[in-house]
>>> print(open('target_28.cif').read())   # mmCIF, C-alpha atoms and all ligand atoms
data_upload
#
loop_
_atom_site.label_atom_id
_atom_site.label_comp_id
_atom_site.auth_asym_id
_atom_site.auth_seq_id
_atom_site.Cartn_x
_atom_site.Cartn_y
_atom_site.Cartn_z
CA MET U 182 74.14 -58.61 -61.25
CA ALA U 183 74.11 -59.16 -57.93
CA VAL U 184 77.42 -59.64 -58.30
CA PRO U 185 77.84 -62.27 -56.51
CA GLN U 186 76.15 -64.38 -58.07
CA PRO U 187 77.49 -67.76 -57.23
CA GLU U 188 79.67 -67.74 -60.20
CA LEU U 189 80.96 -64.25 -59.66
CA SER U 190 82.31 -65.29 -56.35
CA THR U 191 84.32 -68.00 -58.07
CA LEU U 192 86.07 -65.44 -60.24
CA HIS U 193 89.67 -64.58 -59.61
CA ARG U 194 90.31 -62.30 -56.69
CA SER U 195 90.84 -58.76 -57.71
CA THR U 196 94.05 -56.82 -57.52
CA PRO U 197 92.84 -53.23 -57.35
CA ALA U 198 93.52 -51.17 -60.44
CA THR U 199 94.76 -54.05 -62.52
CA THR U 200 92.48 -57.09 -62.56
CA LEU U 201 89.21 -56.69 -64.38
CA GLN U 202 86.49 -59.31 -64.64
CA ILE U 203 84.31 -58.93 -67.68
CA VAL U 204 80.57 -59.53 -67.56
CA LEU U 205 79.05 -59.84 -71.02
CA LYS U 206 75.37 -58.92 -70.96
CA VAL U 207 74.76 -60.92 -74.09
CA ALA U 208 70.94 -60.91 -73.87
CA SER U 209 68.79 -58.01 -72.74
CA ARG U 210 65.54 -60.00 -72.49
CA CYS U 211 64.45 -62.92 -70.32
CA ASN U 212 61.95 -65.76 -70.70
CA LEU U 213 61.12 -65.47 -66.98
CA ASN U 214 59.48 -62.59 -65.17
CA CYS U 215 60.71 -62.80 -61.57
CA SER U 216 59.16 -60.01 -59.56
CA TYR U 217 62.35 -59.10 -57.70
CA CYS U 218 64.60 -58.87 -60.77
CA TYR U 219 66.85 -55.82 -60.60
CA VAL U 220 67.05 -55.62 -64.40
CA TYR U 221 63.31 -55.27 -65.11
CA HIS U 222 61.49 -54.50 -61.88
CA LYS U 223 63.53 -52.03 -59.85
CA GLY U 224 62.90 -48.81 -61.75
CA ASP U 225 65.64 -48.99 -64.39
CA LEU U 226 64.33 -49.10 -67.97
CA THR U 227 67.58 -49.10 -69.94
CA TRP U 228 66.96 -52.71 -71.08
CA GLN U 229 64.05 -51.52 -73.27
CA ARG U 230 66.26 -49.72 -75.78
CA ARG U 231 68.94 -52.37 -76.03
CA PRO U 232 69.27 -55.04 -78.77
CA HIS U 233 67.92 -58.40 -77.67
CA PHE U 234 71.35 -59.99 -78.22
CA MET U 235 74.94 -58.87 -78.42
CA ALA U 236 76.06 -58.85 -82.07
CA ASP U 237 79.17 -60.78 -83.06
CA ASP U 238 81.02 -57.66 -84.17
CA LEU U 239 80.34 -56.05 -80.80
CA LEU U 240 81.75 -59.10 -79.04
CA GLN U 241 84.82 -58.88 -81.27
CA VAL U 242 85.34 -55.20 -80.40
CA THR U 243 84.92 -56.04 -76.72
CA LEU U 244 87.53 -58.77 -76.97
CA GLU U 245 89.94 -56.27 -78.57
CA ARG U 246 89.38 -53.97 -75.57
CA VAL U 247 90.02 -56.85 -73.19
CA LYS U 248 93.22 -57.66 -75.06
CA ARG U 249 94.39 -54.05 -74.88
CA TRP U 250 93.68 -53.93 -71.17
CA CYS U 251 95.62 -57.15 -70.57
CA HIS U 252 98.59 -55.92 -72.56
CA GLN U 253 98.57 -52.51 -70.84
CA GLN U 254 98.10 -53.85 -67.33
CA GLY U 255 99.88 -57.16 -67.57
CA GLN U 256 96.74 -59.03 -66.54
CA ARG U 257 97.30 -62.73 -67.09
CA ARG U 258 94.00 -64.26 -66.01
CA VAL U 259 90.61 -63.22 -67.34
CA SER U 260 87.14 -64.41 -66.45
CA LEU U 261 84.30 -63.74 -68.83
CA LEU U 262 80.79 -64.24 -67.57
CA PHE U 263 77.83 -64.60 -69.93
CA HIS U 264 74.91 -62.85 -68.30
CA GLY U 265 71.60 -61.23 -69.20
CA GLY U 266 68.58 -61.17 -69.26
CA GLU U 267 68.74 -64.85 -70.01
CA PRO U 268 71.92 -65.64 -71.98
CA LEU U 269 70.67 -69.03 -73.19
CA LEU U 270 67.97 -67.30 -75.24
CA ALA U 271 70.79 -66.64 -77.71
CA GLY U 272 70.62 -70.30 -78.77
CA VAL U 273 73.25 -72.98 -78.57
CA GLU U 274 74.72 -72.33 -82.02
CA ARG U 275 75.42 -68.67 -81.37
CA PHE U 276 76.72 -69.41 -77.89
CA ASP U 277 79.12 -71.99 -79.32
CA ARG U 278 80.33 -69.41 -81.85
CA TRP U 279 80.86 -66.83 -79.12
CA CYS U 280 82.94 -69.26 -77.08
CA ARG U 281 85.09 -70.03 -80.12
CA MET U 282 85.56 -66.30 -80.81
CA ILE U 283 86.61 -65.69 -77.23
CA ARG U 284 89.04 -68.57 -77.13
CA SER U 285 90.54 -67.61 -80.44
CA ALA U 286 91.03 -63.98 -79.32
CA LEU U 287 92.28 -64.53 -75.79
CA SER U 288 93.45 -68.00 -74.95
CA ASP U 289 96.97 -67.42 -76.29
CA ILE U 290 97.55 -64.41 -74.08
CA VAL U 291 95.64 -65.11 -70.85
CA ASP U 292 94.43 -67.92 -68.66
CA LEU U 293 90.74 -67.85 -69.52
CA THR U 294 87.69 -68.84 -67.48
CA LEU U 295 84.24 -68.91 -69.08
CA ILE U 296 81.15 -68.80 -66.90
CA VAL U 297 77.44 -68.53 -67.63
CA GLN U 298 74.71 -67.48 -65.22
CA THR U 299 71.33 -68.83 -66.34
CA ASN U 300 67.81 -69.37 -65.06
CA GLY U 301 68.28 -72.99 -66.18
CA THR U 302 64.97 -73.36 -68.00
CA LEU U 303 66.50 -73.91 -71.45
CA ILE U 304 69.29 -76.33 -70.60
CA ASP U 305 69.14 -79.57 -72.55
CA GLU U 306 71.63 -82.09 -73.89
CA GLY U 307 72.79 -79.74 -76.64
CA TRP U 308 73.63 -77.05 -74.11
CA ILE U 309 75.40 -79.50 -71.84
CA THR U 310 77.54 -80.74 -74.74
CA THR U 311 78.47 -77.15 -75.58
CA PHE U 312 79.26 -76.23 -71.97
CA ARG U 313 81.50 -79.24 -71.69
CA ALA U 314 83.20 -78.61 -75.04
CA HIS U 315 84.19 -75.08 -73.96
CA HIS U 316 84.71 -75.82 -70.25
CA VAL U 317 82.03 -73.32 -69.30
CA GLN U 318 81.18 -73.15 -65.60
CA VAL U 319 77.42 -72.95 -65.10
CA GLY U 320 75.52 -71.11 -62.38
CA ILE U 321 71.77 -71.80 -62.11
CA SER U 322 69.22 -69.62 -60.34
CA MET U 323 66.90 -71.52 -58.03
CA ASP U 324 65.17 -70.21 -54.92
CA GLY U 325 64.30 -73.45 -53.11
CA PRO U 326 61.68 -76.22 -53.25
CA GLU U 327 58.93 -75.93 -55.86
CA ALA U 328 56.37 -74.02 -53.81
CA VAL U 329 58.99 -71.47 -52.75
CA HIS U 330 60.77 -71.17 -56.10
CA ASP U 331 57.54 -70.76 -58.06
CA ARG U 332 56.34 -67.91 -55.86
CA GLU U 333 58.56 -65.49 -57.79
CA ARG U 334 60.37 -67.35 -60.57
CA VAL U 335 57.55 -67.51 -63.10
CA ASP U 336 57.39 -67.05 -66.86
CA HIS U 337 55.50 -64.23 -68.59
CA ALA U 338 52.28 -66.28 -68.39
CA GLY U 339 52.70 -66.68 -64.64
CA ARG U 340 53.70 -70.35 -64.77
CA GLY U 341 56.32 -71.62 -62.34
CA SER U 342 59.72 -72.68 -63.67
CA TYR U 343 60.82 -75.11 -60.93
CA GLN U 344 60.22 -78.35 -62.84
CA ARG U 345 62.27 -77.21 -65.82
CA VAL U 346 65.13 -76.02 -63.61
CA ALA U 347 65.14 -79.19 -61.52
CA ALA U 348 65.25 -81.27 -64.72
CA ALA U 349 68.22 -79.22 -65.94
CA ILE U 350 70.06 -79.80 -62.69
CA ALA U 351 69.38 -83.54 -62.93
CA GLN U 352 70.76 -83.56 -66.48
CA MET U 353 73.88 -81.72 -65.40
CA ARG U 354 74.42 -84.13 -62.55
CA ALA U 355 73.99 -87.09 -64.92
CA ALA U 356 76.66 -85.53 -67.13
CA ALA U 357 78.96 -85.17 -64.09
CA MET U 358 78.89 -81.37 -64.35
CA PRO U 359 79.23 -79.39 -61.14
CA VAL U 360 76.01 -77.68 -60.04
CA SER U 361 76.28 -74.18 -58.68
CA ILE U 362 73.07 -72.59 -57.39
CA LEU U 363 72.23 -68.93 -56.89
CA CYS U 364 69.35 -68.39 -54.48
CA VAL U 365 67.81 -65.00 -53.82
CA LEU U 366 66.54 -65.31 -50.26
CA PRO U 367 62.77 -65.94 -50.35
CA PHE U 368 61.42 -63.98 -47.38
CA GLY U 369 59.38 -66.01 -44.93
CA ALA U 370 60.63 -69.40 -46.16
CA ASP U 371 62.19 -72.07 -43.93
CA GLY U 372 65.98 -71.67 -44.18
CA ALA U 373 66.78 -75.20 -43.01
CA GLN U 374 64.41 -76.59 -45.62
CA LEU U 375 66.13 -74.52 -48.32
CA GLN U 376 69.53 -75.78 -47.31
CA ARG U 377 68.40 -79.41 -47.21
CA HIS U 378 66.74 -79.04 -50.58
CA PHE U 379 69.92 -77.88 -52.28
CA ALA U 380 71.94 -80.62 -50.57
CA ALA U 381 69.40 -83.24 -51.72
CA LEU U 382 69.63 -81.95 -55.30
CA GLY U 383 73.35 -82.72 -55.23
CA ALA U 384 74.51 -79.12 -55.61
CA ASN U 385 78.23 -78.48 -55.23
CA ARG U 386 77.91 -74.79 -54.41
CA VAL U 387 75.15 -72.49 -53.17
CA SER U 388 75.19 -68.75 -52.91
CA TYR U 389 72.43 -67.08 -50.94
CA LEU U 390 71.87 -63.52 -52.08
CA LEU U 391 70.42 -60.82 -49.87
CA PRO U 392 67.54 -59.32 -51.89
CA ASP U 393 68.25 -55.97 -53.52
CA PHE U 394 66.70 -53.18 -51.51
CA THR U 395 67.95 -49.74 -50.58
CA HIS U 396 67.20 -47.49 -47.62
CA ASP U 397 64.56 -45.86 -49.80
CA THR U 398 62.71 -49.10 -50.59
CA ILE U 399 63.06 -51.34 -47.54
CA ALA U 400 60.19 -50.09 -45.35
CA GLU U 401 57.50 -52.32 -46.85
CA ILE U 402 59.66 -55.45 -46.45
CA ARG U 403 60.28 -54.70 -42.78
CA GLN U 404 56.59 -54.15 -42.27
CA ARG U 405 55.71 -57.50 -43.85
CA TYR U 406 58.56 -59.70 -42.66
CA GLY U 407 59.95 -58.10 -39.52
CA PRO U 408 63.28 -56.43 -38.72
CA THR U 409 65.66 -59.25 -39.80
CA PRO U 410 64.05 -61.42 -42.52
CA CYS U 411 67.40 -62.49 -44.02
CA ALA U 412 68.87 -63.61 -40.69
CA ASP U 413 65.60 -65.44 -39.94
CA LEU U 414 66.36 -67.58 -42.99
CA LEU U 415 70.12 -67.77 -42.93
CA ILE U 416 70.61 -68.81 -39.32
CA PRO U 417 68.57 -72.03 -39.65
CA ALA U 418 70.21 -72.64 -43.04
CA PHE U 419 73.64 -72.27 -41.43
CA ASP U 420 72.72 -74.69 -38.64
CA ALA U 421 71.46 -77.26 -41.12
CA TRP U 422 74.70 -76.91 -43.11
CA TRP U 423 76.90 -77.09 -40.01
CA GLN U 424 75.15 -79.89 -38.17
CA GLU U 425 73.82 -82.23 -40.83
CA GLY U 426 76.97 -83.49 -42.52
CA THR U 427 76.74 -81.33 -45.65
CA LEU U 428 79.83 -79.17 -45.19
CA ASP U 429 81.17 -80.44 -48.52
CA LEU U 430 78.41 -78.34 -50.12
CA LEU U 431 80.15 -74.98 -50.40
CA VAL U 432 77.78 -72.26 -49.17
CA GLU U 433 79.32 -68.96 -50.22
CA PRO U 434 78.13 -66.58 -47.50
CA PHE U 435 78.81 -69.06 -44.70
CA VAL U 436 82.29 -69.96 -45.93
CA ASN U 437 83.21 -66.32 -46.45
CA MET U 438 81.83 -65.13 -43.13
CA THR U 439 83.73 -67.93 -41.41
CA ARG U 440 86.87 -66.94 -43.29
CA VAL U 441 86.70 -63.27 -42.29
CA ILE U 442 85.91 -64.15 -38.68
CA LEU U 443 89.03 -66.33 -38.62
CA GLY U 444 91.12 -63.42 -39.93
CA GLY U 445 91.02 -64.01 -43.69
CA GLU U 446 89.66 -61.91 -46.53
CA SER U 447 86.25 -62.11 -48.12
CA ALA U 448 86.01 -63.38 -51.68
CA LEU U 449 82.39 -62.26 -51.82
CA ASP U 450 81.08 -58.78 -52.53
CA MET U 451 78.29 -59.17 -49.96
CA ILE U 452 80.80 -58.49 -47.17
CA GLY U 453 84.28 -57.03 -46.87
CA ASN U 454 84.01 -53.91 -49.04
CA ARG U 455 86.71 -55.04 -51.45
CA PRO U 456 86.67 -53.96 -55.09
CA PHE U 457 86.26 -56.91 -57.42
CA GLY U 458 86.96 -55.13 -60.69
CA PHE U 459 83.73 -56.10 -62.43
CA VAL U 460 83.07 -54.34 -65.71
CA PHE U 461 79.81 -54.95 -67.55
CA VAL U 462 79.38 -54.69 -71.31
CA GLU U 463 75.75 -54.37 -72.38
CA SER U 464 74.24 -55.77 -75.59
CA ASP U 465 74.57 -52.34 -77.26
CA GLY U 466 78.21 -51.91 -76.23
CA ALA U 467 77.57 -49.66 -73.23
CA ILE U 468 80.11 -50.10 -70.44
CA GLU U 469 78.61 -50.20 -66.98
CA GLY U 470 80.32 -50.22 -63.64
CA LEU U 471 78.18 -52.51 -61.52
CA ASP U 472 74.89 -53.53 -63.07
CA VAL U 473 73.01 -54.05 -59.82
CA LEU U 474 73.44 -50.33 -59.04
CA ARG U 475 70.36 -49.88 -61.21
CA VAL U 476 68.35 -50.63 -58.05
CA CYS U 477 69.36 -47.08 -57.04
CA GLY U 478 67.30 -45.63 -59.90
CA HIS U 479 67.00 -45.44 -63.70
CA GLY U 480 70.41 -45.27 -65.38
CA SER U 481 72.39 -45.49 -62.12
CA ALA U 482 74.67 -48.20 -63.47
CA GLY U 483 75.55 -46.24 -66.62
CA THR U 484 78.94 -44.68 -67.32
CA GLY U 485 78.30 -43.02 -70.70
CA LEU U 486 81.18 -45.09 -72.12
CA ASN U 487 80.98 -47.80 -74.76
CA VAL U 488 83.39 -50.35 -76.13
CA PHE U 489 83.32 -48.86 -79.65
CA GLN U 490 84.98 -45.67 -78.43
CA HIS U 491 86.46 -46.27 -75.02
CA ASP U 492 88.97 -48.42 -73.20
CA PHE U 493 88.13 -49.96 -69.85
CA HIS U 494 90.68 -47.87 -67.95
CA GLN U 495 88.63 -44.77 -68.79
CA ILE U 496 85.97 -45.82 -66.28
CA ALA U 497 88.42 -45.00 -63.52
CA GLU U 498 88.67 -41.43 -64.83
CA LEU U 499 84.91 -40.84 -64.86
CA SER U 500 84.26 -40.21 -61.20
CA GLN U 501 85.56 -41.00 -57.79
CA LEU U 502 82.60 -43.34 -57.30
CA HIS U 503 83.45 -45.50 -60.30
CA HIS U 504 87.12 -45.47 -59.46
CA GLN U 505 86.48 -46.58 -55.91
CA ALA U 506 83.66 -49.04 -56.63
CA ILE U 507 85.59 -50.90 -59.31
CA PHE U 508 89.28 -50.41 -58.62
CA THR U 509 90.21 -49.34 -55.12
CA GLY U 510 87.28 -49.87 -52.75
CA MET U 511 84.77 -47.53 -51.14
CA PRO U 512 85.30 -45.72 -47.85
CA LEU U 513 83.62 -47.38 -44.88
CA PRO U 514 80.21 -45.77 -44.24
CA GLN U 515 80.37 -43.31 -41.38
CA GLY U 516 77.58 -45.20 -39.65
CA CYS U 517 79.76 -48.34 -39.50
CA ALA U 518 82.55 -46.66 -37.52
CA GLY U 519 82.88 -48.40 -34.19
CA CYS U 520 80.89 -51.46 -35.27
CA ALA U 521 82.34 -54.75 -34.04
CA GLU U 522 82.15 -56.07 -37.61
CA ALA U 523 83.66 -53.02 -39.29
CA THR U 524 86.62 -55.05 -40.63
CA THR U 525 84.63 -58.18 -41.52
CA CYS U 526 81.29 -56.98 -42.86
CA ALA U 527 82.71 -53.51 -43.66
CA GLY U 528 79.41 -51.95 -44.68
CA GLY U 529 77.89 -54.81 -46.68
CA TYR U 530 77.10 -54.94 -50.40
CA LEU U 531 77.40 -51.61 -52.15
CA PRO U 532 73.88 -51.27 -53.65
CA HIS U 533 72.35 -52.07 -50.27
CA ARG U 534 74.07 -49.00 -48.80
CA TRP U 535 72.19 -46.59 -51.05
CA SER U 536 69.82 -43.78 -50.00
CA GLN U 537 68.82 -40.66 -51.91
CA VAL U 538 69.88 -38.53 -48.96
CA ARG U 539 73.35 -39.93 -48.19
CA GLY U 540 74.30 -41.84 -51.34
CA PHE U 541 76.41 -44.88 -50.40
CA ASP U 542 77.40 -43.49 -47.01
CA ASN U 543 75.06 -45.77 -45.05
CA PRO U 544 75.47 -49.13 -43.36
CA SER U 545 73.85 -51.92 -45.37
CA VAL U 546 70.09 -52.00 -45.36
CA TRP U 547 70.65 -55.57 -44.06
CA CYS U 548 72.89 -54.40 -41.18
CA ALA U 549 70.78 -55.95 -38.40
CA ASP U 550 70.59 -59.24 -40.32
CA LEU U 551 74.34 -59.30 -40.85
CA LEU U 552 75.04 -58.57 -37.21
CA ARG U 553 72.77 -61.42 -36.10
CA LEU U 554 74.36 -63.84 -38.53
CA PHE U 555 77.92 -62.82 -37.62
CA ASP U 556 77.03 -63.23 -33.96
CA HIS U 557 75.58 -66.69 -34.60
CA ILE U 558 78.59 -67.91 -36.58
CA ARG U 559 80.98 -66.41 -34.02
CA ASN U 560 79.24 -68.39 -31.29
CA ARG U 561 79.56 -71.58 -33.32
CA LEU U 562 83.26 -70.94 -33.95
CA GLY U 563 83.97 -69.60 -30.47
CA VAL U 564 85.74 -66.56 -31.93
CA THR U 565 85.00 -63.09 -30.57
CA ALA U 566 85.35 -59.84 -32.51
CA GLU U 567 88.41 -59.02 -30.37
CA GLU U 568 89.98 -62.34 -31.31
CA THR U 569 89.33 -61.64 -35.01
CA SER U 570 91.01 -58.29 -34.65
CA LEU U 571 94.10 -59.87 -33.05
CA ARG U 572 94.29 -62.49 -35.79
CA ARG U 573 94.10 -59.82 -38.45
CA GLN U 574 96.95 -57.90 -36.84
CA VAL U 575 99.10 -61.02 -36.66
CA LEU U 576 98.33 -62.02 -40.24
CA ALA U 577 99.08 -58.49 -41.47
CA GLU U 578 102.43 -58.61 -39.65
CA MET U 579 103.23 -61.97 -41.20
CA VAL U 580 102.45 -60.68 -44.70
CA THR U 581 104.57 -57.55 -44.12
CA ASN U 582 107.50 -59.58 -42.83
CA THR U 583 107.27 -62.00 -45.72
CA LEU U 584 107.34 -59.16 -48.20
CA THR U 585 110.28 -57.27 -46.64
S1 LIG H 601 77.21 -54.87 -39.49
FE1 LIG H 601 76.18 -52.95 -40.04
S2 LIG H 601 77.30 -51.32 -38.98
FE2 LIG H 601 78.58 -53.18 -38.94
S3 LIG H 601 79.96 -52.96 -40.70
FE3 LIG H 601 78.13 -54.16 -41.38
S4 LIG H 601 76.70 -52.67 -42.19
FE4 LIG H 601 78.23 -51.56 -41.00
#
>>> encode(input="target_28.cif", output="structure tokens")
Amino acid sequence: MAVPQPELSTLHRSTPATTLQIVLKVASRCNLNCSYCYVYHKGDLTWQRRPHFMADDLLQVTLERVKRWCHQQGQRRVSLLFHGGEPLLAGVERFDRWCRMIRSALSDIVDLTLIVQTNGTLIDEGWITTFRAHHVQVGISMDGPEAVHDRERVDHAGRGSYQRVAAAIAQMRAAAMPVSILCVLPFGADGAQLQRHFAALGANRVSYLLPDFTHDTIAEIRQRYGPTPCADLLIPAFDAWWQEGTLDLLVEPFVNMTRVILGGESALDMIGNRPFGFVFVESDGAIEGLDVLRVCGHGSAGTGLNVFQHDFHQIAELSQLHHQAIFTGMPLPQGCAGCAEATTCAGGYLPHRWSQVRGFDNPSVWCADLLRLFDHIRNRLGVTAEETSLRRQVLAEMVTNTLT
């Protein structure tokens, strides 16, 4: 999932080696057919052999594994994210049962957060009642105004989904539910228009995702859209957010880039190179490390483990890559050494670092975009890279002195 996903970035911050965040891939199919989807259209075919939905007994086994982990590690807060495919294809009755199973298994031993990431097309009053009953946070995928959104986010007959998603958002707003939007950057669109659109819809939170490409697949995009298509969108979006009185709309990448520039830590996997402890359980029980790694090729996200036979801590023993990616953090790419943003960007999002030749030892495929955006936000804030570095040193000293 591109893990950050708007909702992923709201999950609890990870303490390496102890805090896991569980993503339940409860549905392996989707009612939409978005061309950029990393599950179906980036070369990985593992979805084809998986059950359409996670069975109840598999969920129960998974919950037992979560319990064991929490007891072993002393983890006191757990976030479970329903993901897919499209999780709402499971139907409201089954979803309600799953929520009750989860609460019954875990709510006595941990502080529980339930989240669902959906394409929004199936939300109706029944779903809203169920979300509210179980305090489920809802993230909705939308890529902008109708003409932009419907370019990619179409059903299997090629029909756009915007009207259904916009209606769902209106229903959620009428029910006083917070609206959190996940937008995969639509190349060539007007960033300011995107930002204004989400503000006008009454969204509370927006997360812009850099599209999932690797060093092996990016050439065509650069040819079509130029050297920095993400920055071309995000800089006008940032200016609209900053200048037009909509700062109460939380825009994940902007808030997190501002935070790291001011000396803080990123709570977003797009920048900062911190491990977030995500573990994915597929609808057949397979345990995966980071599902979006499937953009690196068929089966790349697989671990060979499954919840019927293995505990979550065994992922750490599989390989250095899994251990680092999930629990401790990856080394900075060699190509990032000496970069002014080495402590803020820190190499970018892991899947975007991939090449067949050097593995994950590359700067992000969106490096030039990130540098432009950092530069732009720095100018707005009046904070240089040197100033950030000084602030980090001071803050680190303060933390050390507080702890000793
Ligand atoms: S901006 Fe580029 S070189 Fe600098 S840390 Fe990020 S990916 Fe690496």
>>> residues_around(input="target_28.cif", residues="U:Ala271", least_positions_apart="3", cutoff="10 Å", atoms="only C-alpha atoms", output="list of chain:residue names")
U:Val207, U:Ala208, U:Arg210, U:His233, U:Phe234, U:Met235, U:Glu267, U:Pro268, U:Glu274, U:Arg275, U:Phe276
>>> closest_residue(input="target_28.cif", among="U:Gln318, U:Thr569, U:Ser216, U:Thr311", to="U:Val297", atoms="all atoms listed in the file")
U:Gln318
>>> closest_residue(input="target_28.cif", among="U:Leu262, U:Phe541, U:Asn582, U:Arg534", to="ligand LIG 601 (chain H)", atoms="all atoms listed in the file")
U:Arg534
>>> residues_around(input="target_28.cif", residues="U:Phe419", least_positions_apart="4", cutoff="9 Å", atoms="all atoms listed in the file", output="PDB file with C-alpha atoms, keeping the file's coordinate frame")
ATOM      1  CA  GLY U 372      65.980 -71.670 -44.180  1.00  0.00           C
ATOM      2  CA  ALA U 373      66.780 -75.200 -43.010  1.00  0.00           C
ATOM      3  CA  GLN U 376      69.530 -75.780 -47.310  1.00  0.00           C
ATOM      4  CA  LEU U 414      66.360 -67.580 -42.990  1.00  0.00           C
ATOM      5  CA  LEU U 415      70.120 -67.770 -42.930  1.00  0.00           C
ATOM      6  CA  TRP U 423      76.900 -77.090 -40.010  1.00  0.00           C
ATOM      7  CA  GLN U 424      75.150 -79.890 -38.170  1.00  0.00           C
ATOM      8  CA  VAL U 432      77.780 -72.260 -49.170  1.00  0.00           C
ATOM      9  CA  PHE U 435      78.810 -69.060 -44.700  1.00  0.00           C
ATOM     10  CA  LEU U 554      74.360 -63.840 -38.530  1.00  0.00           C
ATOM     11  CA  ILE U 558      78.590 -67.910 -36.580  1.00  0.00           C
TER      12      ILE U 558
END
>>> atom_distance(input="target_28.cif", atom1="atom CA of U:Asn487", atom2="atom CA of U:Leu201")
16.0 Å
